[in-house]
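K.L.:
My file is upload.csv. It has CSV, C-alpha atoms:
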chain,number,residue,atom,x,y,z
A,24,MET,CA,124.4,181.0,145.2
A,25,THR,CA,124.9,184.0,147.4
A,26,ALA,CA,121.7,185.7,148.4
A,27,ARG,CA,121.0,189.3,147.4
A,28,PHE,CA,119.0,191.9,149.2
A,29,MET,CA,116.6,193.0,146.5
A,30,ARG,CA,113.7,195.4,146.7
A,31,SER,CA,110.4,195.2,144.9
A,32,ASP,CA,110.9,198.5,143.1
A,33,ASN,CA,113.7,200.4,141.3
A,34,ASN,CA,114.8,202.3,144.5
A,35,SER,CA,117.9,200.1,145.1
A,36,THR,CA,118.9,200.3,141.4
A,37,ARG,CA,118.8,204.1,141.5
A,38,TYR,CA,120.7,204.1,144.8
A,39,GLU,CA,123.3,201.8,143.4
A,40,ARG,CA,123.8,204.1,140.4
A,41,ILE,CA,124.4,207.0,142.7
A,42,TYR,CA,127.1,205.1,144.6
A,43,THR,CA,128.7,203.7,141.5
A,44,ALA,CA,129.0,207.2,140.0
A,45,LEU,CA,130.4,208.6,143.2
A,46,ALA,CA,132.9,205.8,143.5
A,47,LEU,CA,134.0,206.0,139.9
A,48,TRP,CA,134.5,209.7,140.3
A,49,MET,CA,136.7,209.1,143.4
A,50,LEU,CA,138.6,206.4,141.6
A,51,ALA,CA,139.4,208.8,138.7
A,52,PHE,CA,140.9,211.2,141.2
A,53,GLY,CA,142.8,208.6,143.1
A,54,ALA,CA,140.7,208.9,146.2
A,55,LEU,CA,138.9,205.6,146.3
A,56,VAL,CA,141.3,203.6,148.3
A,57,CYS,CA,143.8,204.6,151.0
A,58,VAL,CA,145.7,201.4,151.6
A,59,THR,CA,148.6,200.8,153.9
A,60,PRO,CA,150.5,197.6,153.1
A,61,ASP,CA,150.8,195.0,155.8
A,62,VAL,CA,154.6,194.7,156.5
A,63,GLY,CA,154.1,191.0,157.1
A,64,ALA,CA,152.8,190.5,153.6
A,65,GLN,CA,156.2,190.7,152.0
A,66,GLY,CA,157.2,187.4,150.5
A,67,ALA,CA,153.9,185.8,151.4
A,68,GLU,CA,152.5,183.0,149.3
A,69,GLN,CA,149.0,184.3,149.6
A,70,SER,CA,148.0,187.9,150.3
A,71,LEU,CA,144.5,189.4,150.4
A,72,SER,CA,143.5,193.1,150.3
A,73,VAL,CA,141.2,194.3,153.1
A,74,MET,CA,139.4,197.6,153.5
A,75,ILE,CA,137.9,198.9,156.7
A,76,LEU,CA,135.1,201.4,157.1
A,77,PRO,CA,136.3,204.9,158.2
A,78,VAL,CA,134.3,204.9,161.4
A,79,ASP,CA,134.5,207.3,164.4
A,80,GLY,CA,136.4,210.0,162.5
A,81,GLY,CA,139.8,208.7,163.8
A,82,THR,CA,143.1,208.7,162.0
A,83,GLN,CA,143.8,206.0,159.4
A,84,GLU,CA,146.3,204.5,161.8
A,85,GLY,CA,143.8,204.5,164.6
A,86,THR,CA,141.0,202.9,162.5
A,87,LEU,CA,143.4,200.2,161.3
A,88,ALA,CA,144.5,199.5,164.8
A,89,ASP,CA,140.9,198.4,165.7
A,90,TYR,CA,140.9,195.5,163.4
A,91,GLN,CA,144.6,194.8,162.7
A,92,PRO,CA,145.1,192.6,165.8
A,93,THR,CA,142.4,190.2,164.6
A,94,LEU,CA,143.8,190.2,161.0
A,95,ASP,CA,147.3,189.5,162.4
A,96,ALA,CA,145.9,186.7,164.5
A,97,VAL,CA,144.1,185.1,161.6
A,98,SER,CA,147.2,185.5,159.4
A,99,ARG,CA,149.2,183.8,162.0
A,100,THR,CA,146.9,180.7,162.2
A,101,THR,CA,146.2,180.4,158.4
A,102,GLY,CA,149.3,181.7,156.7
A,103,ILE,CA,147.2,184.2,154.7
A,104,ASN,CA,148.6,187.7,154.9
A,105,PHE,CA,146.5,190.9,154.6
A,106,ARG,CA,147.2,194.2,153.0
A,107,THR,CA,144.9,196.5,155.0
A,108,GLY,CA,143.6,200.0,154.4
A,109,VAL,CA,140.8,202.4,155.3
A,110,GLY,CA,138.3,203.6,152.7
A,111,GLN,CA,137.8,207.3,152.2
A,112,ASN,CA,134.1,206.8,153.0
A,113,TYR,CA,131.5,204.1,153.2
A,114,SER,CA,130.5,204.1,149.5
A,115,ALA,CA,134.2,203.7,148.5
A,116,VAL,CA,134.4,200.5,150.5
A,117,ILE,CA,131.1,199.2,149.1
A,118,GLU,CA,132.2,199.9,145.5
A,119,ALA,CA,135.7,198.6,146.0
A,120,LEU,CA,134.4,195.2,147.1
A,121,ALA,CA,131.6,195.0,144.6
A,122,THR,CA,134.0,195.7,141.7
A,123,GLY,CA,136.7,193.4,142.9
A,124,LEU,CA,139.3,196.0,143.7
A,125,ILE,CA,139.6,194.4,147.2
A,126,ASP,CA,139.1,190.9,148.5
A,127,VAL,CA,137.7,191.5,152.0
A,128,ALA,CA,135.8,194.4,153.6
A,129,GLN,CA,134.6,195.3,157.1
A,130,PHE,CA,131.0,196.4,157.0
A,131,GLY,CA,128.1,197.5,159.1
A,132,LEU,CA,124.6,196.0,158.4
A,133,VAL,CA,123.4,198.7,155.9
A,134,SER,CA,126.7,198.9,154.0
A,135,TYR,CA,126.8,195.1,153.7
A,136,GLY,CA,123.3,195.1,152.2
A,137,LEU,CA,124.3,197.7,149.7
A,138,ALA,CA,127.4,195.8,148.7
A,139,GLN,CA,125.1,192.7,148.3
A,140,ASN,CA,122.8,194.7,146.0
A,141,ARG,CA,125.9,195.8,144.0
A,142,GLY,CA,126.5,192.1,143.4
A,143,GLY,CA,129.7,191.8,145.3
A,144,ALA,CA,129.6,190.5,148.9
A,145,ARG,CA,129.6,187.2,150.7
A,146,PHE,CA,129.3,187.0,154.4
A,147,LEU,CA,132.4,185.8,156.2
A,148,ALA,CA,132.3,186.4,159.9
A,149,MET,CA,130.6,188.6,162.6
A,150,GLN,CA,132.2,189.7,165.8
A,151,VAL,CA,130.7,188.4,169.1
A,152,GLN,CA,131.2,190.4,172.3
A,153,SER,CA,130.2,189.2,175.7
A,154,GLY,CA,128.1,186.5,174.1
A,155,SER,CA,126.2,189.0,172.0
A,156,SER,CA,126.0,189.4,168.2
A,157,VAL,CA,124.1,192.7,168.3
A,158,TYR,CA,124.7,196.3,169.3
A,159,HIS,CA,122.5,199.4,169.6
A,160,ALA,CA,122.3,202.8,167.9
A,161,ALA,CA,121.2,205.7,170.1
A,162,ILE,CA,120.1,209.3,169.9
A,163,PHE,CA,121.9,211.6,172.4
A,164,VAL,CA,121.1,214.9,173.9
A,165,SER,CA,122.8,217.3,176.3
A,166,ALA,CA,122.8,216.3,179.9
A,167,ASP,CA,120.9,219.4,180.9
A,168,SER,CA,118.5,219.3,177.9
A,169,PRO,CA,114.8,219.5,178.7
A,170,ILE,CA,114.2,216.9,176.0
A,171,LYS,CA,112.8,213.8,177.8
A,172,SER,CA,111.6,211.6,174.9
A,173,LEU,CA,112.0,211.2,171.1
A,174,SER,CA,108.7,213.0,170.5
A,175,ASP,CA,110.3,216.1,172.2
A,176,LEU,CA,112.7,216.4,169.3
A,177,ARG,CA,110.0,217.8,167.1
A,178,GLY,CA,111.2,221.3,166.0
A,179,LYS,CA,114.8,220.5,167.2
A,180,SER,CA,118.0,219.9,165.3
A,181,ILE,CA,120.1,216.7,165.0
A,182,ALA,CA,123.5,215.7,163.8
A,183,LEU,CA,123.8,212.5,161.8
A,184,GLY,CA,126.7,210.5,160.4
A,185,ASP,CA,127.4,208.9,157.0
A,186,PRO,CA,124.2,208.2,155.0
A,187,THR,CA,125.1,204.5,154.7
A,188,SER,CA,125.8,204.2,158.5
A,189,SER,CA,123.5,201.8,160.3
A,190,SER,CA,123.9,203.4,163.7
A,191,ALA,CA,124.5,207.0,162.8
A,192,PHE,CA,121.9,207.5,160.1
A,193,VAL,CA,119.5,204.7,159.1
A,194,PHE,CA,118.4,203.4,162.5
A,195,PRO,CA,118.2,206.8,164.2
A,196,LEU,CA,115.9,208.0,161.4
A,197,LEU,CA,113.8,204.8,162.0
A,198,MET,CA,113.7,205.6,165.7
A,199,LEU,CA,112.3,209.1,164.8
A,200,MET,CA,109.8,207.6,162.5
A,201,ASP,CA,108.5,205.2,165.1
A,202,ALA,CA,108.1,208.2,167.5
A,203,GLY,CA,105.9,209.9,164.9
A,204,ILE,CA,108.6,212.3,163.7
A,205,ASP,CA,109.3,212.7,160.0
A,206,ALA,CA,112.8,214.2,159.9
A,207,ARG,CA,112.1,215.8,156.5
A,208,ARG,CA,109.5,218.2,157.9
A,209,ASP,CA,109.5,218.0,161.7
A,210,LEU,CA,113.0,218.9,162.5
A,211,ALA,CA,114.5,222.4,162.6
A,212,GLY,CA,117.7,221.4,161.0
A,213,ILE,CA,119.9,218.4,160.1
A,214,ALA,CA,123.7,218.4,160.2
A,215,LEU,CA,125.7,215.7,158.4
A,216,ALA,CA,128.8,215.3,160.6
A,217,GLY,CA,130.5,212.6,158.5
A,218,SER,CA,131.5,210.5,161.5
A,219,GLN,CA,129.8,209.5,164.7
A,220,ALA,CA,132.5,211.1,166.8
A,221,ASN,CA,132.0,214.4,164.9
A,222,ALA,CA,128.2,214.1,165.4
A,223,LEU,CA,128.7,213.7,169.2
A,224,ARG,CA,131.2,216.6,169.2
A,225,THR,CA,128.7,218.8,167.4
A,226,LEU,CA,126.2,218.1,170.1
A,227,SER,CA,128.8,218.6,172.8
A,228,GLU,CA,129.6,222.0,171.4
A,229,GLY,CA,125.9,223.0,171.5
A,230,ARG,CA,125.5,223.4,167.7
A,231,VAL,CA,122.6,220.9,167.6
A,232,ASP,CA,120.0,219.6,170.0
A,233,ALA,CA,120.6,215.9,169.4
A,234,ALA,CA,123.1,213.6,167.8
A,235,ALA,CA,123.1,210.0,166.5
A,236,GLY,CA,125.6,207.2,166.9
A,237,SER,CA,126.2,203.8,168.4
A,238,LEU,CA,126.6,203.3,172.1
A,239,ILE,CA,130.0,201.8,171.2
A,240,SER,CA,131.1,205.0,169.4
A,241,TYR,CA,129.9,207.1,172.3
A,242,ALA,CA,132.1,205.1,174.7
A,243,ARG,CA,135.0,205.4,172.3
A,244,ALA,CA,134.6,209.2,172.0
A,245,VAL,CA,134.6,209.4,175.8
A,246,GLU,CA,137.8,207.3,176.0
A,247,ARG,CA,139.5,209.5,173.4
A,248,GLY,CA,138.6,212.6,175.3
A,249,LEU,CA,136.6,213.9,172.3
A,250,ILE,CA,133.5,214.5,174.5
A,251,ASP,CA,132.7,215.0,178.2
A,252,PRO,CA,130.3,212.3,179.3
A,253,SER,CA,128.9,214.6,182.0
A,254,ARG,CA,127.6,216.8,179.1
A,255,ILE,CA,125.8,214.2,177.0
A,256,ARG,CA,123.3,211.5,177.8
A,257,PRO,CA,121.6,208.8,175.7
A,258,LEU,CA,117.9,209.7,175.1
A,259,ALA,CA,116.8,206.4,173.5
A,260,ARG,CA,118.4,203.4,171.9
A,261,SER,CA,117.4,201.4,168.8
A,262,MET,CA,116.3,197.9,168.2
A,263,PRO,CA,119.2,195.4,168.2
A,264,ILE,CA,121.4,195.7,165.2
A,265,PRO,CA,123.7,192.8,164.0
A,266,ASN,CA,127.3,193.4,164.9
A,267,PRO,CA,129.8,194.7,162.4
A,268,LEU,CA,131.1,192.0,160.1
A,269,PHE,CA,133.6,190.9,157.5
A,270,ALA,CA,132.6,190.0,154.0
A,271,VAL,CA,134.5,188.9,150.9
A,272,ARG,CA,134.0,189.6,147.2
A,273,SER,CA,131.5,187.2,145.7
A,274,ASP,CA,134.0,185.6,143.3
A,275,LEU,CA,136.7,184.9,145.8
A,276,PRO,CA,137.9,181.3,145.1
A,277,GLU,CA,136.0,178.9,147.2
A,278,ASN,CA,139.1,177.2,148.7
A,279,VAL,CA,140.4,180.6,149.8
A,280,PHE,CA,137.0,181.5,151.3
A,281,GLN,CA,136.8,178.3,153.2
A,282,GLU,CA,140.3,178.7,154.6
A,283,LEU,CA,139.4,182.2,155.7
A,284,ARG,CA,136.2,181.1,157.2
A,285,HIS,CA,137.9,178.4,159.2
A,286,GLY,CA,140.6,180.8,160.3
A,287,PHE,CA,138.1,183.3,161.7
A,288,ALA,CA,135.9,180.6,163.3
A,289,THR,CA,138.8,179.0,165.2
A,290,VAL,CA,141.2,181.8,165.8
A,291,HIS,CA,140.0,182.2,169.4
A,292,THR,CA,140.8,178.6,170.2
A,293,ASP,CA,144.4,178.7,169.0
A,294,ASP,CA,146.9,178.5,171.9
A,295,ARG,CA,149.2,180.9,170.1
A,296,ILE,CA,146.6,183.7,170.1
A,297,LYS,CA,146.1,185.7,173.3
A,298,PRO,CA,142.5,187.0,174.0
A,299,GLU,CA,143.7,190.6,173.7
A,300,MET,CA,144.7,190.1,170.1
A,301,LEU,CA,141.0,189.7,169.0
A,302,ARG,CA,139.5,193.2,168.6
A,303,GLY,CA,136.9,194.7,166.4
A,304,TYR,CA,134.6,197.7,166.1
A,305,GLY,CA,135.7,200.6,168.4
A,306,GLY,CA,138.8,198.6,169.3
A,307,ASN,CA,136.8,196.6,171.7
A,308,LEU,CA,137.8,193.0,172.6
A,309,VAL,CA,136.0,190.4,170.6
A,310,GLU,CA,135.1,187.1,172.3
A,311,ARG,CA,135.1,185.2,168.9
A,312,TRP,CA,134.1,185.5,165.3
A,313,ASP,CA,130.9,183.8,164.3
A,314,THR,CA,130.9,182.4,160.7
A,315,GLU,CA,127.6,180.5,161.1
A,316,VAL,CA,125.2,183.5,161.1
A,317,PRO,CA,122.2,182.5,158.9
A,318,GLU,CA,121.8,184.7,155.8
A,319,HIS,CA,118.1,185.2,156.7
A,320,VAL,CA,119.1,186.9,160.0
A,321,LEU,CA,120.9,189.6,158.0
A,322,ILE,CA,118.2,189.8,155.4
A,323,ASN,CA,115.5,190.3,158.0
A,324,ALA,CA,117.5,193.0,159.8
A,325,ILE,CA,118.1,194.8,156.5
A,326,ASP,CA,114.4,194.5,155.7
A,327,ALA,CA,113.7,196.7,158.8
A,328,THR,CA,115.6,199.5,157.1
A,329,ARG,CA,113.5,199.6,153.9
A,330,ARG,CA,111.5,202.6,155.1
A,331,ILE,CA,114.6,204.7,154.6
A,332,THR,CA,114.3,204.8,150.9
A,333,PRO,CA,116.8,206.4,148.5
A,334,GLU,CA,114.2,209.2,147.9
A,335,TYR,CA,113.9,209.7,151.7
A,336,THR,CA,117.7,209.8,152.0
A,337,ALA,CA,118.1,212.3,149.2
A,338,GLU,CA,115.6,214.6,150.9
A,339,ILE,CA,117.6,214.3,154.1
A,340,LEU,CA,120.8,215.2,152.3
A,341,ALA,CA,119.1,218.2,150.6
A,342,ILE,CA,117.9,219.4,154.0
A,343,ALA,CA,121.4,219.0,155.5
A,344,SER,CA,122.8,221.0,152.6
A,345,ARG,CA,120.4,223.8,153.2
A,346,THR,CA,121.1,223.7,157.0
A,347,ARG,CA,124.8,224.0,156.3
A,348,SER,CA,124.3,227.0,153.9
A,349,ARG,CA,122.4,228.9,156.6
A,350,ARG,CA,125.3,228.7,159.1
Render the structure in this file as structure tokens.

P.N.:
Amino acid sequence: MTARFMRSDNNSTRYERIYTALALWMLAFGALVCVTPDVGAQGAEQSLSVMILPVDGGTQEGTLADYQPTLDAVSRTTGINFRTGVGQNYSAVIEALATGLIDVAQFGLVSYGLAQNRGGARFLAMQVQSGSSVYHAAIFVSADSPIKSLSDLRGKSIALGDPTSSSAFVFPLLMLMDAGIDARRDLAGIALAGSQANALRTLSEGRVDAAAGSLISYARAVERGLIDPSRIRPLARSMPIPNPLFAVRSDLPENVFQELRHGFATVHTDDRIKPEMLRGYGGNLVERWDTEVPEHVLINAIDATRRITPEYTAEILAIASRTRSRR
């Protein structure tokens, strides 16, 4: 039986209802899924639908390009074809997998946990880069800012990403908590930028004092020319966060799951697959895909996020709304 990430109170249930209502509203208006068919899927004996999280604020084509090489490689070695697309937002991807609208999803840690709580996710594979299965969130400030530590952010403003983003929302808020800062009362303002690239750009333009995102997204924004690295510096980084991963719907037939699992686990060993074909989050090269990550590793990491409760998140969103209305 697939493990579920359950809480001891009704917080997760209320949170799930919020996301369900939002996703159903988007579905009603045709905005839940933005899918681009995989040309190679035509005439395929087996085809699975895949949805990617809309990270970094890039174009749909750019976001697909990050993961499409790996999906193409797995397709080549297994014969399974993928119809790939990008979700309109994080909650859309969560709801699509939980309700069986798609077969496979790319998740971060927090969004995977939420999909588990919705009853619809089974771990498939986690990307490994340079021998590591973890990455780091960070809080950034301007290069010439007098801010030297997280505690100096008291009374300052910050730009955050999607509320279900591990590295642009949840873990940065935890970092502030650990520094003795309650973002609900100790910050001058909170901006919800939607994507990590937008959060960094908001900081670069001088509209906030700090911004949250992953170190990978920072490097990607620099590469794309969205920000000038001479104007922004990391202030502090988070605890290690499990790398982005793929998950499947919980009721995917077992034989299909095992075929997929074997495909991801062995794709890097296939002589037909060149190393540059394996890519993942941020378009970075992936050394291999680990399908043997123990469930308790993911559960323990998600447990670390429990302090960011649905009520806490709702208050942050309300503050962000008031901050925007004052602009």

K.L.:
To one decimal place, how far is CA of Ala206 in chain A from CA of Ile339 in chain A in Å?

P.N.:
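Computed distance, CA of Ala206 in chain A to CA of Ile339 in chain A, equals 7.5 Å.
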
K.L.:
Measure the distance from CA of Pro186 in chain A to CA of Thr336 in chain A in Å and round it to one decimal.

P.N.:
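We find that CA of Pro186 in chain A and CA of Thr336 in chain A lie 7.3 Å from each other.
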
K.L.:
Around (121.6, 217.7, 163.6) in the file's own coordinates, what residues are found within 10 Å if you use all atoms listed in the file, given back as a VMD selection string?

P.N.:
chain A and resid 179 to 184 210 to 216 222 to 223 225 to 226 230 to 235 343 346

K.L.:
I need the residue nearest Leu120 in chain A from this list: A:Ala270, A:Ser98, A:Leu176, A:Leu132. Use all atoms listed in the file for the distance.

P.N.:
A:Ala270

K.L.:
Could you check which of A:Leu196, A:Leu71, A:Ala288, A:Ala160 is closest to Ile239 in chain A, using only C-alpha atoms?

P.N.:
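Comparing A:Leu196, A:Leu71, A:Ala288, A:Ala160 against Ile239 in chain A, the winner is A:Ala160.
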